[in-house]
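Pasted below: start09.cif, mmCIF, C-alpha atoms and all ligand atoms.
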```cif
data_model
#
loop_
_atom_site.label_atom_id
_atom_site.label_comp_id
_atom_site.auth_asym_id
_atom_site.auth_seq_id
_atom_site.Cartn_x
_atom_site.Cartn_y
_atom_site.Cartn_z
CA MET A 1 -38.23 59.06 -31.31
CA HIS A 2 -40.74 57.42 -29.05
CA TYR A 3 -41.46 58.61 -25.64
CA ARG A 4 -42.69 55.97 -23.32
CA VAL A 5 -44.22 57.17 -20.13
CA LYS A 6 -43.50 54.86 -17.26
CA PRO A 7 -46.51 53.96 -15.09
CA SER A 8 -44.78 55.48 -12.06
CA THR A 9 -44.27 58.79 -13.88
CA MET A 10 -47.88 58.72 -14.95
CA LEU A 11 -48.95 58.24 -11.36
CA MET A 12 -46.77 61.13 -10.28
CA LEU A 13 -48.36 63.37 -12.88
CA LEU A 14 -51.82 62.36 -11.80
CA ILE A 15 -51.04 63.09 -8.17
CA LEU A 16 -49.47 66.43 -9.12
CA SER A 17 -52.51 67.53 -11.06
CA ALA A 18 -54.82 66.44 -8.26
CA VAL A 19 -52.75 68.44 -5.78
CA THR A 20 -52.86 71.45 -8.11
CA VAL A 21 -56.63 71.29 -8.31
CA VAL A 22 -56.96 71.08 -4.54
CA VAL A 23 -54.50 73.92 -3.95
CA PHE A 24 -56.16 76.19 -6.50
CA ARG A 25 -59.62 75.50 -5.18
CA GLY A 26 -58.27 76.38 -1.76
CA LEU A 27 -56.85 79.62 -3.13
CA TYR A 28 -59.85 80.77 -5.07
CA LEU A 29 -62.80 79.64 -3.03
CA PRO A 30 -62.29 82.15 -0.22
CA VAL A 31 -62.02 84.93 -2.80
CA TRP A 32 -65.32 83.95 -4.37
CA SER A 33 -67.07 83.74 -1.07
CA CYS A 34 -65.67 87.13 -0.06
CA THR A 35 -66.88 88.93 -3.14
CA SER A 36 -70.39 87.64 -2.64
CA GLN A 37 -70.47 89.31 0.75
CA PRO A 38 -70.29 92.97 1.70
CA THR A 39 -66.65 94.05 1.81
CA ASN A 40 -67.02 95.35 5.34
CA GLN A 41 -68.05 91.93 6.58
CA LYS A 42 -67.04 91.53 10.16
CA VAL A 43 -66.25 88.37 12.03
CA HIS A 44 -68.50 87.83 15.02
CA VAL A 45 -67.18 85.74 17.84
CA LEU A 46 -69.03 84.37 20.80
CA LEU A 47 -66.71 83.33 23.58
CA LEU A 48 -68.84 80.81 25.37
CA SER A 49 -67.94 79.57 28.80
CA SER A 50 -69.28 79.27 32.31
CA TRP A 51 -68.36 80.94 35.56
CA ARG A 52 -64.79 80.73 36.82
CA SER A 53 -63.40 78.97 33.81
CA GLY A 54 -60.72 81.42 32.78
CA SER A 55 -62.91 83.30 30.34
CA SER A 56 -61.79 86.67 31.69
CA PHE A 57 -58.26 85.78 30.76
CA LEU A 58 -59.19 84.43 27.36
CA GLY A 59 -61.47 87.42 26.79
CA GLN A 60 -58.58 89.76 27.53
CA ALA A 61 -56.46 87.97 24.96
CA PHE A 62 -59.00 89.09 22.36
CA ASN A 63 -59.78 92.41 24.00
CA GLN A 64 -56.17 93.56 23.78
CA HIS A 65 -56.00 92.90 20.05
CA PRO A 66 -56.16 96.16 18.08
CA ASN A 67 -58.76 94.77 15.62
CA VAL A 68 -61.21 93.62 18.24
CA PHE A 69 -64.24 95.30 19.75
CA TYR A 70 -64.87 93.31 22.89
CA LEU A 71 -67.70 93.33 25.40
CA MET A 72 -67.84 91.31 28.56
CA GLU A 73 -71.10 89.57 29.43
CA PRO A 74 -73.77 91.77 27.88
CA GLY A 75 -76.19 89.05 29.02
CA TRP A 76 -75.63 90.25 32.57
CA HIS A 77 -77.99 93.17 31.85
CA LEU A 78 -80.73 90.82 30.83
CA TRP A 79 -80.27 88.48 33.77
CA THR A 80 -80.37 91.36 36.23
CA THR A 81 -83.29 93.23 34.67
CA MET A 82 -85.79 90.39 34.61
CA GLN A 83 -87.85 89.50 37.67
CA LYS A 84 -87.36 85.88 38.71
CA PRO A 85 -85.92 84.82 35.40
CA GLY A 86 -85.07 81.28 34.32
CA MET A 87 -82.64 79.97 31.74
CA ARG A 88 -85.30 78.74 29.39
CA SER A 89 -87.21 81.98 29.29
CA MET A 90 -84.05 84.03 28.75
CA LYS A 91 -82.21 82.24 26.00
CA MET A 92 -84.03 83.77 23.02
CA ALA A 93 -83.86 87.27 24.49
CA LEU A 94 -80.16 86.74 25.06
CA ARG A 95 -79.70 85.46 21.52
CA ASP A 96 -81.43 88.55 20.11
CA LEU A 97 -79.46 90.86 22.34
CA MET A 98 -76.24 89.35 21.07
CA ARG A 99 -77.35 89.56 17.46
CA ASN A 100 -77.97 93.29 17.78
CA LEU A 101 -74.68 93.90 19.51
CA PHE A 102 -72.78 91.89 16.89
CA LEU A 103 -74.33 94.24 14.34
CA CYS A 104 -73.30 97.25 16.45
CA ASP A 105 -76.91 98.17 17.17
CA PHE A 106 -76.88 99.37 20.75
CA SER A 107 -80.49 100.53 20.72
CA VAL A 108 -81.26 97.04 21.98
CA MET A 109 -79.82 98.12 25.34
CA ASP A 110 -82.87 100.38 25.78
CA SER A 111 -84.71 97.60 27.56
CA TYR A 112 -81.95 97.05 30.05
CA LEU A 113 -80.44 100.44 30.88
CA PRO A 114 -81.71 103.54 32.68
CA ASP A 115 -82.95 106.42 30.51
CA GLN A 116 -80.00 108.54 31.53
CA ARG A 117 -77.36 106.15 30.37
CA ASN A 118 -73.62 106.53 30.33
CA ILE A 119 -70.96 104.32 28.84
CA SER A 120 -70.31 103.29 32.42
CA SER A 121 -73.82 101.78 32.51
CA LEU A 122 -72.42 98.89 30.47
CA PHE A 123 -71.35 95.98 32.64
CA MET A 124 -67.58 95.92 33.21
CA TRP A 125 -67.23 98.60 30.57
CA SER A 126 -63.71 99.73 31.46
CA HIS A 127 -62.42 96.20 30.85
CA SER A 128 -63.08 96.76 27.17
CA ARG A 129 -60.07 98.35 25.58
CA ALA A 130 -62.24 99.61 22.69
CA LEU A 131 -64.27 101.70 25.15
CA CYS A 132 -61.06 103.35 26.36
CA SER A 133 -59.83 104.09 22.81
CA PRO A 134 -60.85 106.47 20.00
CA PRO A 135 -63.50 107.25 18.92
CA VAL A 136 -64.95 106.65 22.39
CA CYS A 137 -62.06 108.10 24.37
CA SER A 138 -58.68 109.57 23.48
CA LEU A 139 -56.93 107.86 26.41
CA THR A 140 -55.60 104.65 24.83
CA PRO A 141 -54.26 104.45 21.27
CA ARG A 142 -55.80 101.40 19.65
CA ASP A 143 -52.58 99.45 19.52
CA GLN A 144 -51.80 100.02 23.20
CA PHE A 145 -52.92 98.01 26.19
CA SER A 146 -55.44 99.82 28.28
CA ASN A 147 -55.20 100.79 31.91
CA GLN A 148 -58.55 100.06 33.47
CA THR A 149 -58.07 102.38 36.43
CA LEU A 150 -57.33 105.32 34.19
CA CYS A 151 -60.12 104.39 31.79
CA ASP A 152 -62.59 104.30 34.67
CA LYS A 153 -61.62 107.84 35.58
CA LYS A 154 -61.32 109.41 32.14
CA CYS A 155 -63.51 107.67 29.60
CA ASP A 156 -67.06 107.78 30.87
CA SER A 157 -69.51 109.97 28.99
CA ARG A 158 -73.22 110.24 28.34
CA GLY A 159 -75.04 108.08 25.82
CA LEU A 160 -73.92 105.07 23.81
CA GLU A 161 -73.60 106.77 20.40
CA LYS A 162 -69.81 106.76 20.58
CA VAL A 163 -69.80 103.10 21.58
CA GLN A 164 -71.93 102.20 18.60
CA GLU A 165 -69.71 104.25 16.29
CA ALA A 166 -66.59 102.58 17.65
CA CYS A 167 -68.07 99.13 17.15
CA THR A 168 -68.53 99.74 13.43
CA THR A 169 -64.82 100.50 12.96
CA TYR A 170 -63.48 97.09 14.02
CA SER A 171 -63.11 93.95 11.93
CA HIS A 172 -64.00 91.67 14.85
CA VAL A 173 -66.74 91.90 17.45
CA VAL A 174 -66.16 89.51 20.33
CA LEU A 175 -68.75 88.94 23.04
CA LYS A 176 -68.05 86.88 26.09
CA GLU A 177 -70.95 85.07 27.72
CA VAL A 178 -70.99 82.74 30.69
CA ARG A 179 -74.78 82.57 30.61
CA PHE A 180 -75.39 80.42 27.59
CA PHE A 181 -76.21 76.74 27.91
CA GLU A 182 -77.00 75.38 24.48
CA LEU A 183 -76.31 76.06 20.80
CA GLU A 184 -79.67 75.47 19.15
CA SER A 185 -81.07 78.92 19.87
CA LEU A 186 -78.11 80.34 17.95
CA TYR A 187 -78.89 78.47 14.72
CA PRO A 188 -80.66 81.45 13.11
CA LEU A 189 -77.55 83.54 13.73
CA PHE A 190 -75.38 81.03 11.89
CA GLN A 191 -77.73 81.23 8.93
CA ASP A 192 -78.05 85.01 9.02
CA PRO A 193 -76.15 86.41 5.98
CA SER A 194 -75.30 89.61 7.86
CA LEU A 195 -73.33 87.63 10.43
CA ASP A 196 -70.16 85.55 10.24
CA LEU A 197 -70.40 83.79 13.57
CA ARG A 198 -67.70 81.70 15.24
CA ILE A 199 -67.99 80.05 18.60
CA ILE A 200 -65.11 79.51 20.94
CA HIS A 201 -66.16 77.19 23.72
CA LEU A 202 -63.92 77.37 26.75
CA ILE A 203 -64.14 74.48 29.20
CA ARG A 204 -62.32 73.98 32.46
CA ASP A 205 -62.00 70.98 34.74
CA PRO A 206 -65.21 71.14 36.83
CA ARG A 207 -63.26 70.32 39.99
CA ALA A 208 -61.15 73.42 39.47
CA VAL A 209 -64.28 75.43 38.67
CA GLU A 210 -65.86 74.27 41.91
CA ARG A 211 -62.83 75.13 43.98
CA SER A 212 -62.84 78.61 42.47
CA ARG A 213 -66.60 79.10 42.96
CA GLU A 214 -66.27 78.01 46.61
CA GLU A 215 -64.23 81.12 47.32
CA SER A 216 -67.11 83.43 46.54
CA ILE A 217 -70.17 81.26 46.65
CA ASN A 218 -72.52 84.08 47.65
CA SER A 219 -71.77 86.08 44.54
CA PHE A 220 -73.28 83.24 42.50
CA LEU A 221 -76.59 82.86 44.36
CA LYS A 222 -78.65 84.91 41.93
CA ASP A 223 -77.13 83.27 38.87
CA SER A 224 -77.58 79.85 40.43
CA ALA A 225 -81.30 80.49 40.98
CA ILE A 226 -81.63 81.30 37.27
CA VAL A 227 -79.73 78.19 36.25
CA LEU A 228 -82.04 76.11 38.44
CA GLU A 229 -85.15 77.86 37.04
CA GLN A 230 -85.97 79.46 40.43
CA LYS A 231 -86.95 76.10 41.90
CA SER A 232 -86.88 76.01 45.66
CA ILE A 233 -83.94 73.84 46.53
CA PRO A 234 -82.20 73.44 49.89
CA ARG A 235 -79.21 75.72 50.08
CA ALA A 236 -76.80 72.83 50.64
CA GLU A 237 -77.78 71.15 47.36
CA ILE A 238 -77.72 74.17 45.08
CA GLU A 239 -74.04 74.21 44.22
CA LEU A 240 -73.86 70.58 43.14
CA LEU A 241 -76.97 70.93 40.98
CA VAL A 242 -75.56 74.03 39.33
CA MET A 243 -72.32 72.21 38.60
CA GLN A 244 -74.36 69.38 37.12
CA GLU A 245 -76.17 71.84 34.85
CA ILE A 246 -72.90 73.43 33.78
CA CYS A 247 -71.39 70.05 32.94
CA ARG A 248 -74.51 68.98 31.07
CA SER A 249 -74.43 72.14 29.02
CA HIS A 250 -70.79 71.53 28.05
CA THR A 251 -71.69 68.03 26.93
CA ARG A 252 -74.73 69.26 25.03
CA ILE A 253 -72.83 72.00 23.21
CA PHE A 254 -69.75 69.93 22.44
CA GLU A 255 -71.73 66.95 21.15
CA ARG A 256 -73.99 69.15 19.09
CA ALA A 257 -71.03 70.86 17.44
CA MET A 258 -68.72 67.87 17.00
CA GLN A 259 -70.98 64.90 16.30
CA LYS A 260 -73.10 65.35 13.20
CA PRO A 261 -73.26 69.12 13.30
CA PRO A 262 -75.69 70.82 10.91
CA PRO A 263 -73.77 72.06 7.83
CA PHE A 264 -73.78 75.70 8.92
CA LEU A 265 -71.92 74.79 12.11
CA LYS A 266 -69.00 73.13 10.37
CA GLY A 267 -65.74 74.99 10.84
CA ARG A 268 -67.44 77.54 13.07
CA TYR A 269 -66.96 75.94 16.44
CA LYS A 270 -63.81 75.41 18.40
CA MET A 271 -63.49 73.99 21.87
CA VAL A 272 -60.55 74.89 24.03
CA ARG A 273 -59.64 73.58 27.44
CA TYR A 274 -58.45 76.03 30.07
CA GLU A 275 -55.69 73.61 31.06
CA ASP A 276 -54.29 73.49 27.53
CA LEU A 277 -54.34 77.29 27.49
CA ALA A 278 -52.47 77.35 30.78
CA ARG A 279 -49.86 74.85 29.56
CA ASN A 280 -49.26 76.27 26.10
CA PRO A 281 -50.77 79.74 26.10
CA LEU A 282 -48.98 80.99 23.02
CA GLU A 283 -49.69 77.98 20.82
CA GLU A 284 -53.31 77.75 21.91
CA LEU A 285 -53.99 81.45 21.52
CA THR A 286 -52.29 81.54 18.13
CA ALA A 287 -54.56 78.71 17.01
CA LEU A 288 -57.60 80.58 18.32
CA TYR A 289 -56.59 83.81 16.60
CA ASP A 290 -56.09 81.81 13.46
CA PHE A 291 -59.55 80.29 13.79
CA ILE A 292 -61.18 83.73 13.76
CA GLY A 293 -58.76 85.36 11.32
CA LEU A 294 -56.65 87.50 13.64
CA GLU A 295 -52.89 87.83 13.50
CA MET A 296 -50.66 87.31 16.48
CA THR A 297 -48.42 90.33 17.12
CA PRO A 298 -45.09 90.42 18.98
CA LYS A 299 -46.66 92.80 21.48
CA LEU A 300 -49.46 90.38 22.22
CA GLU A 301 -46.99 87.53 22.54
CA GLU A 302 -45.23 89.52 25.19
CA TRP A 303 -48.49 90.30 26.96
CA ILE A 304 -49.46 86.62 26.95
CA TYR A 305 -46.16 85.66 28.48
CA ARG A 306 -46.47 88.34 31.13
CA VAL A 307 -50.00 87.48 32.28
CA THR A 308 -49.45 83.74 32.30
CA HIS A 309 -46.16 83.87 34.22
CA GLY A 310 -46.54 86.99 36.34
CA LYS A 311 -47.00 87.23 40.06
CA ASP A 312 -50.28 88.75 41.09
CA ARG A 313 -50.55 90.14 44.57
CA ARG A 314 -54.09 91.37 44.15
CA SER A 315 -56.91 89.99 46.25
CA VAL A 316 -58.61 86.92 44.87
CA LYS A 317 -61.87 87.94 46.53
CA ASP A 318 -63.13 89.89 43.56
CA ALA A 319 -65.02 87.33 41.52
CA PHE A 320 -64.07 89.07 38.30
CA THR A 321 -60.37 89.68 38.75
CA ILE A 322 -58.36 88.59 35.79
CA THR A 323 -55.91 86.04 37.01
CA SER A 324 -52.33 86.68 36.12
CA ARG A 325 -50.99 84.34 38.72
CA ASN A 326 -48.99 81.48 37.42
CA ALA A 327 -51.70 80.02 35.23
CA MET A 328 -50.20 76.56 35.28
CA SER A 329 -50.09 76.12 39.06
CA MET A 330 -53.51 77.76 39.38
CA SER A 331 -55.03 75.09 37.21
CA GLU A 332 -53.95 72.39 39.69
CA ALA A 333 -54.80 74.19 42.93
CA TRP A 334 -58.01 72.21 43.43
CA ARG A 335 -56.03 69.03 43.94
CA THR A 336 -54.70 70.17 47.29
CA LYS A 337 -57.45 72.61 48.30
CA LEU A 338 -60.69 70.77 47.55
CA SER A 339 -61.80 67.99 49.91
CA HIS A 340 -61.81 64.56 48.35
CA SER A 341 -65.47 64.00 49.30
CA LYS A 342 -66.41 67.08 47.31
CA VAL A 343 -64.23 65.98 44.43
CA LYS A 344 -66.08 62.67 44.40
CA ARG A 345 -69.47 64.40 44.26
CA ILE A 346 -68.39 66.66 41.42
CA GLN A 347 -67.00 63.65 39.54
CA GLN A 348 -70.36 61.92 39.97
CA VAL A 349 -72.47 64.71 38.51
CA CYS A 350 -69.91 65.61 35.83
CA ARG A 351 -68.74 62.15 34.82
CA GLY A 352 -70.05 62.30 31.26
CA ALA A 353 -68.64 65.73 30.49
CA MET A 354 -65.29 64.87 32.06
CA SER A 355 -64.76 61.76 30.00
CA LEU A 356 -65.92 63.55 26.83
CA ILE A 357 -63.61 66.54 27.29
CA GLY A 358 -60.70 64.53 28.65
CA TYR A 359 -60.42 64.94 32.42
CA ARG A 360 -59.44 61.82 34.35
CA THR A 361 -61.21 61.12 37.61
CA VAL A 362 -59.33 60.34 40.83
CA ASP A 363 -60.33 57.44 43.04
CA SER A 364 -58.65 58.35 46.30
CA ASP A 365 -57.43 61.28 48.29
CA ALA A 366 -53.86 60.07 47.75
CA GLU A 367 -54.29 59.99 43.99
CA GLN A 368 -55.88 63.44 44.05
CA LYS A 369 -52.87 64.93 45.85
CA ARG A 370 -50.20 63.22 43.77
CA LEU A 371 -49.49 66.04 41.38
CA ASP A 372 -47.17 63.87 39.29
CA ILE A 373 -50.24 62.03 38.02
CA ASP A 374 -51.47 64.00 35.03
CA LEU A 375 -55.26 64.13 34.90
CA LEU A 376 -55.49 65.81 31.54
CA VAL A 377 -56.05 63.47 28.60
CA PRO A 378 -53.95 64.81 25.71
CA ARG A 379 -55.93 66.12 22.77
CA GLU A 380 -54.99 65.49 19.19
CA PRO A 381 -52.94 68.23 17.60
CA TYR A 382 -55.10 70.83 15.92
CA GLN A 383 -54.12 70.12 12.34
CA PHE A 384 -55.65 66.67 12.61
CA SER A 385 -58.95 67.93 13.91
CA TRP A 386 -59.56 70.90 11.69
CA LEU A 387 -57.92 70.21 8.34
CA PRO A 388 -60.43 67.52 7.36
CA SER A 389 -63.42 69.64 8.32
CA LYS A 390 -62.01 72.56 6.33
CA ALA A 391 -61.69 70.34 3.29
CA GLU A 392 -65.26 69.15 3.77
CA GLU A 393 -66.46 72.70 4.01
CA THR A 394 -65.25 73.50 0.52
CA GLU A 395 -67.52 70.74 -0.79
CA GLU A 396 -70.51 72.78 0.19
CA PRO A 397 -71.47 76.27 -0.82
CA LYS A 398 -70.85 78.68 2.00
CA LYS A 399 -73.78 80.24 3.77
CA ASN A 400 -75.71 83.05 2.02
C1 LIG B 501 -52.61 102.48 35.65
O1 LIG B 501 -52.55 103.84 35.93
C2 LIG B 501 -52.41 104.15 37.31
C3 LIG B 501 -52.55 105.64 37.50
O2 LIG B 501 -51.68 106.35 36.66
C4 LIG B 501 -51.08 103.62 37.79
O3 LIG B 501 -50.92 103.87 39.17
C5 LIG B 501 -51.06 102.12 37.55
O4 LIG B 501 -49.80 101.59 37.88
C6 LIG B 501 -51.36 101.78 36.09
N1 LIG B 501 -51.52 100.35 35.96
C7 LIG B 501 -50.86 99.64 35.07
C8 LIG B 501 -51.14 98.19 35.06
O5 LIG B 501 -50.09 100.14 34.27
C1 LIG B 502 -72.26 110.25 33.20
O1 LIG B 502 -71.16 110.90 32.62
C2 LIG B 502 -71.05 112.27 32.93
C3 LIG B 502 -69.83 112.81 32.21
O2 LIG B 502 -69.99 112.80 30.86
C4 LIG B 502 -70.95 112.50 34.43
O3 LIG B 502 -70.97 113.89 34.71
C5 LIG B 502 -72.09 111.80 35.13
O4 LIG B 502 -71.90 111.88 36.52
C6 LIG B 502 -72.18 110.35 34.72
N1 LIG B 502 -73.34 109.74 35.32
C7 LIG B 502 -73.30 108.58 35.92
C8 LIG B 502 -74.59 108.07 36.46
O5 LIG B 502 -72.27 107.95 36.04
#
```

As structure tokens - that is how I would like this structure written.
Amino acid sequence: MHYRVKPSTMLMLLILSAVTVVVFRGLYLPVWSCTSQPTNQKVHVLLLSSWRSGSSFLGQAFNQHPNVFYLMEPGWHLWTTMQKPGMRSMKMALRDLMRNLFLCDFSVMDSYLPDQRNISSLFMWSHSRALCSPPVCSLTPRDQFSNQTLCDKKCDSRGLEKVQEACTTYSHVVLKEVRFFELESLYPLFQDPSLDLRIIHLIRDPRAVERSREESINSFLKDSAIVLEQKSIPRAEIELLVMQEICRSHTRIFERAMQKPPPFLKGRYKMVRYEDLARNPLEELTALYDFIGLEMTPKLEEWIYRVTHGKDRRSVKDAFTITSRNAMSMSEAWRTKLSHSKVKRIQQVCRGAMSLIGYRTVDSDAEQKRLDIDLLVPREPYQFSWLPSKAEETEEPKKN
């Protein structure tokens, strides 16, 4: 008997074997790259944003995860310790500070803390669930959400030894920074074999950022002076120049990471828009967890729903309050609250960033106030943006 293989069958077989090769490479490659690294390899995440962009909320979404050791703005210590600092002179010190903290080496804080230091010397310490949980404090079991008020009262103690010990017991170290304006200084960290760095870049519509900064403009004066390199600038012009710097930094970082990134950056950067988070918190956060290798839990799903839909009667004066007001309506508040002349000025200095990230400009006061006009340009679904880059990544040996 003769078997004749039809061309179409042959093609099917070829495709099948190609698919098998791809699938098996996908299965085995991660195993190989794991075994070549220490088994206790952590994932290090830098949550990069700027002021008033929802990073407290996003930070909390990581902070509440039982596998995450989270610190809010360690760079604050550096910015407040230096005399008349500027952005340029600080970025390497900030990079090195973060590197040490990612590696759970808290001795680096020596330069920035008083000799008699407590856990409470760390900026916003009681916001970090890990500092309210064992081994630092018996108050909050690791899989529970922490109560900041109680933590403030019960979990302070002398020295940072317990903090350092706690850090080593988590699979993920997440640092949030609003004081970082470029990626290049981080390159050595991407190439450092003791680190597995991922960057989550949170961006918010600059008009909404401005409206939020307006509420507490004085609390930003010191930071603004640093952003503007301590130049003497008339008070009335400062805010617009700072916004321009913030927008430029978003453009710089996004372009660097998305257009011809160096090989070590591939698959390690993810941009997220605050507005997308507000519209689809669960989907967006699940994708972000996925990006850094964390699992979504039913408890966290519930928490996400609660904080994005809840009513918050707390004062909005505190510049660092985590917003749990209706996230969706909050993201549009600028359209009725910010004057159109100010909107126009922000649009001028942020035009490039806005068109790159997908925020439509408005041309009149009427257009600004017509909430039925959607100003958010839809982004492609995630699978289209990251599947190809993942496939590319397997073409190259991983770092180390
Ligand atoms: C935190 O604990 C305090 C004191 O027991 C309590 O009054 C408050 O309601 C708690 N907050 C939350 C969000 O559970
Ligand atoms: C440091 O913590 C101890 C409790 O361990 C407390 O008695 C002391 O007042 C704290 N110091 C500061 C400056 O908060």

Given 6 Å on each side, where is the centre and what are the edge lengths in Å to one decimal of the axis-aligned box enclosing the listed atoms of ligand LIG 501 (chain B), as lines of an AutoDock Vina configuration file?
```
center_x = -51.2
center_y = 102.3
center_z = 36.7
size_x = 14.8
size_y = 20.2
size_z = 16.9
```

Tell me which residues come within 10 Å of (-64.0, 65.9, 42.9), as a PyMOL selection string, counting all atoms listed in the file in the file's coordinates. chain A and resi 205-208+210-211+334-335+338-350+361-365+368

Writing out the chosen residues with C-alpha atoms as an mmCIF file, in the frame of the given file:
```
data_model
loop_
_atom_site.group_PDB
_atom_site.id
_atom_site.type_symbol
_atom_site.label_atom_id
_atom_site.label_comp_id
_atom_site.auth_asym_id
_atom_site.auth_seq_id
_atom_site.Cartn_x
_atom_site.Cartn_y
_atom_site.Cartn_z
ATOM 1 C CA ASP A 205 -62.000 70.980 34.740
ATOM 2 C CA PRO A 206 -65.210 71.140 36.830
ATOM 3 C CA ARG A 207 -63.260 70.320 39.990
ATOM 4 C CA ALA A 208 -61.150 73.420 39.470
ATOM 5 C CA GLU A 210 -65.860 74.270 41.910
ATOM 6 C CA ARG A 211 -62.830 75.130 43.980
ATOM 7 C CA TRP A 334 -58.010 72.210 43.430
ATOM 8 C CA ARG A 335 -56.030 69.030 43.940
ATOM 9 C CA LEU A 338 -60.690 70.770 47.550
ATOM 10 C CA SER A 339 -61.800 67.990 49.910
ATOM 11 C CA HIS A 340 -61.810 64.560 48.350
ATOM 12 C CA SER A 341 -65.470 64.000 49.300
ATOM 13 C CA LYS A 342 -66.410 67.080 47.310
ATOM 14 C CA VAL A 343 -64.230 65.980 44.430
ATOM 15 C CA LYS A 344 -66.080 62.670 44.400
ATOM 16 C CA ARG A 345 -69.470 64.400 44.260
ATOM 17 C CA ILE A 346 -68.390 66.660 41.420
ATOM 18 C CA GLN A 347 -67.000 63.650 39.540
ATOM 19 C CA GLN A 348 -70.360 61.920 39.970
ATOM 20 C CA VAL A 349 -72.470 64.710 38.510
ATOM 21 C CA CYS A 350 -69.910 65.610 35.830
ATOM 22 C CA THR A 361 -61.210 61.120 37.610
ATOM 23 C CA VAL A 362 -59.330 60.340 40.830
ATOM 24 C CA ASP A 363 -60.330 57.440 43.040
ATOM 25 C CA SER A 364 -58.650 58.350 46.300
ATOM 26 C CA ASP A 365 -57.430 61.280 48.290
ATOM 27 C CA GLN A 368 -55.880 63.440 44.050
#
```

Shortest interatomic distance to Leu122 in chain A - which of A:Leu288, A:Val242, A:Val163, A:Leu139, counting all atoms listed in the file: A:Val163

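When all atoms listed in the file are used to compute distances to Arg52 in chain A, the closest of the residues A:Gln244, A:Asn280, A:Ser219, A:Gln164 turns out to be A:Ser219.
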
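Shortest atom-to-atom contact with Ser171 in chain A among A:Gln41, A:Thr297, A:Gln144, A:Thr336: A:Gln41, counting only C-alpha atoms.
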
Could you give me, as CSV, a per-residue list for chain A showing, wherever an atom lies at most 9 Å from an atom of ligand LIG 502 (chain B), the closest pair of atoms and their distance in Å to one decimal, using only C-alpha atoms and all ligand atoms and sorting by chain then residue number from low to high?
```
residue,atom,partner,partner_atom,distance
A:Gln116,CA,B:LIG502,C8,7.3
A:Arg117,CA,B:LIG502,C8,7.0
A:Asn118,CA,B:LIG502,C1,4.9
A:Ile119,CA,B:LIG502,C1,7.5
A:Ser120,CA,B:LIG502,O5,6.2
A:Ser121,CA,B:LIG502,O5,7.3
A:Cys155,CA,B:LIG502,O2,8.4
A:Asp156,CA,B:LIG502,O1,5.4
A:Ser157,CA,B:LIG502,O2,3.4
A:Arg158,CA,B:LIG502,O1,4.8
A:Gly159,CA,B:LIG502,C1,8.2
```

Can you work out which residues are within 12 Å of ligand LIG 501 (chain B), considering only C-alpha atoms and all ligand atoms, and then hand them over as number ranges by chain? A: 139-140, 144-154, 303, 306-307, 312, 314, 324

Which of these, A:Ile199, A:Tyr269, A:Lys337, A:His77, has the shortest distance to Glu215 in chain A once you count all atoms listed in the file?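 Smallest distance to Glu215 in chain A is found for A:Lys337.
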
I want to know what sits within 9 Å of range 281-287 of chain A, based on only C-alpha atoms, with residues of the same chain fewer than 4 positions away left out; could you give that as a list of chain:residue names?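 Answer for this query is A:Leu58, A:Ala61, A:Val272, A:Asp276, A:Leu277, A:Phe291, A:Ile292, A:Leu294, A:Glu295, A:Met296, A:Glu301, A:Ile304, A:Tyr305, A:Thr308, A:Tyr382.
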
From the options A:Cys132, A:Leu46, A:Val173, A:Leu94, which residue's atoms come nearest to Phe69 in chain A, counting all atoms listed in the file?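 Closest candidate: A:Val173.
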
Calculate how many Å separate CA of Ala93 in chain A from CA of Ile238 in chain A, rounding to one decimal. 25.2 Å

Which residue of A:Ala333, A:Leu101, A:Leu175, A:Met354 approaches Ile246 in chain A most closely, using all atoms listed in the file: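 For Ile246 in chain A, the nearest of the given residues is A:Met354.
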
Block slice range 104-111 of chain A, N, CA and C atoms, emitted as an mmCIF file, in the first residue's frame:
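Printed below is decode.cif as written:
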```
data_model
loop_
_atom_site.group_PDB
_atom_site.id
_atom_site.type_symbol
_atom_site.label_atom_id
_atom_site.label_comp_id
_atom_site.auth_asym_id
_atom_site.auth_seq_id
_atom_site.Cartn_x
_atom_site.Cartn_y
_atom_site.Cartn_z
ATOM 1 N N CYS A 104 17.926 44.850 50.063
ATOM 2 C CA CYS A 104 17.638 44.795 51.496
ATOM 3 C C CYS A 104 18.822 45.232 52.352
ATOM 4 N N ASP A 105 19.641 46.117 51.840
ATOM 5 C CA ASP A 105 20.747 46.654 52.619
ATOM 6 C C ASP A 105 20.354 48.048 53.103
ATOM 7 N N PHE A 106 19.933 48.103 54.361
ATOM 8 C CA PHE A 106 19.444 49.378 54.887
ATOM 9 C C PHE A 106 20.542 50.234 55.496
ATOM 10 N N SER A 107 21.788 49.714 55.470
ATOM 11 C CA SER A 107 22.884 50.531 56.004
ATOM 12 C C SER A 107 23.026 51.817 55.192
ATOM 13 N N VAL A 108 22.562 51.766 53.947
ATOM 14 C CA VAL A 108 22.639 52.941 53.084
ATOM 15 C C VAL A 108 21.874 54.130 53.683
ATOM 16 N N MET A 109 20.915 53.840 54.560
ATOM 17 C CA MET A 109 20.127 54.925 55.157
ATOM 18 C C MET A 109 20.937 55.736 56.167
ATOM 19 N N ASP A 110 22.124 55.227 56.550
ATOM 20 C CA ASP A 110 23.009 55.929 57.470
ATOM 21 C C ASP A 110 23.190 57.395 57.118
ATOM 22 N N SER A 111 23.352 57.657 55.830
ATOM 23 C CA SER A 111 23.624 59.025 55.400
ATOM 24 C C SER A 111 22.425 59.937 55.591
#
```
